[in-house]
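Notes follow the structure.
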Amino acid sequence: MTEETGTTGTAAAARLPLAVVSGGTRGIGLAFSRRLVKLGYRVTALYRSDEEVARAAERELGPRLNTVRVDLSDGTAVTEAAEAVLAAYGPPAVLVNNAGMNIDRPFLEMSHDDWRRVVDTNLSGVFYLTRALATAMVESGADATIVNVGATTGIRPRLNGANYCASKAGLLQLTKCLALELAPRVRVNCLIPGNTETDELVERFNLNDPDARRRMLDEIPQRRIADPEQIANALEFLVGPHSAYMTGQKLVVDGGQFMW
């Protein structure tokens, strides 16, 4: 694929099919944005707060990526942002609901705000963004794809994560409901990554400590932590023609850690 710069590159990018990726400027989300650009999409990446990271993503991916700052837990703000995207670029061919938040606490110490912020971002945010874009996706007459990014803890619980586990379990059921209601024009599946080498994972689980890393590896039959590009491989499958008869399903990419 040729490099495009300046006015010519921007005009060419505007003619490409659109992909919207929430949380698309860092970690696994950035790997998704990179892969979708490589596949020939123009990407709109949504982010919550880190302007510096968003600008870095724009510099890296050039005119095929633009970023939009929005708090996914705010339904009104999400609707306004989605309407602006639709007005500028038309309906997306791909929507990736990737943004997520962790606030871990023991259940008996979890505040109302701890619960609300996580569930509002991880579950309600998917509802708000999908609701704002899905009508245009259905009415476009073209086949489209939604990928909701879940978590292994949506199926198997963990300590100190009742808010996160509940939000991701709800996302699995929301995926199935959307697959039923948006068929046959829009396919909806849930991609569930296992432990993936991102800055956030390293920090949360102290993986710079060799003993902590070894304990995690001991739980994974593949004896390795995923690279974000391996998770992007699974996304490529879910948005591509080889999964054309697949909807309402979960795809677990976890090195065999849970084997559901």
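By convention here, the chains of the structure tokens are called A, B, ... in the order presented, each chain's residues are numbered starting at 1, and ligands are numbered starting at 1 in the order presented.
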
Please, which residues of stretch 23-186 of chain A, numbered as in this document, come out strand (DSSP E) from DSSP, as a ChimeraX atom specification? /A:42-47,65-69,94-97,144-149,186

Given only C-alpha atoms, how would the per-residue table for stretch 24-56 of chain A near stretch 182-202 of chain A read, listing every residue at most 12 Å away with its closest atom pair and distance in Å to one decimal, sorted by chain and number, as a tab-separated table?
residue	atom	partner	partner_atom	distance
A:Arg26	CA	A:Thr198	CA	8.8
A:Gly27	CA	A:Thr198	CA	5.5
A:Ile28	CA	A:Thr198	CA	7.2
A:Gly29	CA	A:Thr198	CA	10.4
A:Leu30	CA	A:Thr198	CA	10.6
A:Ala31	CA	A:Thr198	CA	10.4
A:Phe32	CA	A:Leu191	CA	11.8

May I have the selected residues written with N, CA, C and O atoms, as an mmCIF file, in the first residue's frame?
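The new file again-v1.cif reads:
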data_model
loop_
_atom_site.group_PDB
_atom_site.id
_atom_site.type_symbol
_atom_site.label_atom_id
_atom_site.label_comp_id
_atom_site.auth_asym_id
_atom_site.auth_seq_id
_atom_site.Cartn_x
_atom_site.Cartn_y
_atom_site.Cartn_z
ATOM 1 N N ARG A 26 -4.100 3.548 22.109
ATOM 2 C CA ARG A 26 -3.066 2.960 22.966
ATOM 3 C C ARG A 26 -3.326 1.471 23.115
ATOM 4 O O ARG A 26 -4.434 0.979 22.917
ATOM 5 N N GLY A 27 -2.275 0.719 23.497
ATOM 6 C CA GLY A 27 -2.406 -0.691 23.824
ATOM 7 C C GLY A 27 -2.979 -1.524 22.698
ATOM 8 O O GLY A 27 -2.636 -1.355 21.518
ATOM 9 N N ILE A 28 -3.864 -2.445 23.049
ATOM 10 C CA ILE A 28 -4.489 -3.308 22.049
ATOM 11 C C ILE A 28 -5.283 -2.474 21.051
ATOM 12 O O ILE A 28 -5.301 -2.761 19.851
ATOM 13 N N GLY A 29 -5.922 -1.404 21.514
ATOM 14 C CA GLY A 29 -6.703 -0.554 20.616
ATOM 15 C C GLY A 29 -5.860 0.067 19.529
ATOM 16 O O GLY A 29 -6.296 0.186 18.373
ATOM 17 N N LEU A 30 -4.642 0.488 19.863
ATOM 18 C CA LEU A 30 -3.750 1.044 18.847
ATOM 19 C C LEU A 30 -3.351 -0.034 17.851
ATOM 20 O O LEU A 30 -3.268 0.230 16.643
ATOM 21 N N ALA A 31 -3.113 -1.258 18.325
ATOM 22 C CA ALA A 31 -2.822 -2.362 17.407
ATOM 23 C C ALA A 31 -3.998 -2.598 16.462
ATOM 24 O O ALA A 31 -3.805 -2.873 15.269
ATOM 25 N N PHE A 32 -5.233 -2.460 16.969
ATOM 26 C CA PHE A 32 -6.406 -2.574 16.103
ATOM 27 C C PHE A 32 -6.419 -1.467 15.050
ATOM 28 O O PHE A 32 -6.693 -1.720 13.873
#

Find the residues near A:Asn148: any atom within 12 Å, counting only C-alpha atoms, skip ones fewer than 4 places away on the same chain, and give them as number ranges by chain. A: 20-23, 29, 94-100, 122-123, 125-127, 129-130, 168-176, 178-179, 187-193, 235, 238-239, 247-251

Residue among A:Ala144, A:Ala54, A:Arg34, A:Tyr128 lying closest to A:Val78, counting only C-alpha atoms: A:Tyr128

Quick check for you: according to DSSP on this backbone, which residues of stretch 43-231 of chain A are classed as alpha helix (DSSP H)? Reply as number ranges by chain. A: 51-61, 75-89, 112-119, 125-139, 162-182, 199-204, 210-218, 228-231

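In this model, the gap between atom CA of A:Ile146 and atom CA of A:Gly40 comes to 16.9 Å.
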
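Here atom CA of A:Arg214 is placed at a distance of 17.4 Å from atom CA of A:Phe258.
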
Computed gap from atom CA of A:Ala162 to atom CA of A:Phe107 is 6.5 Å
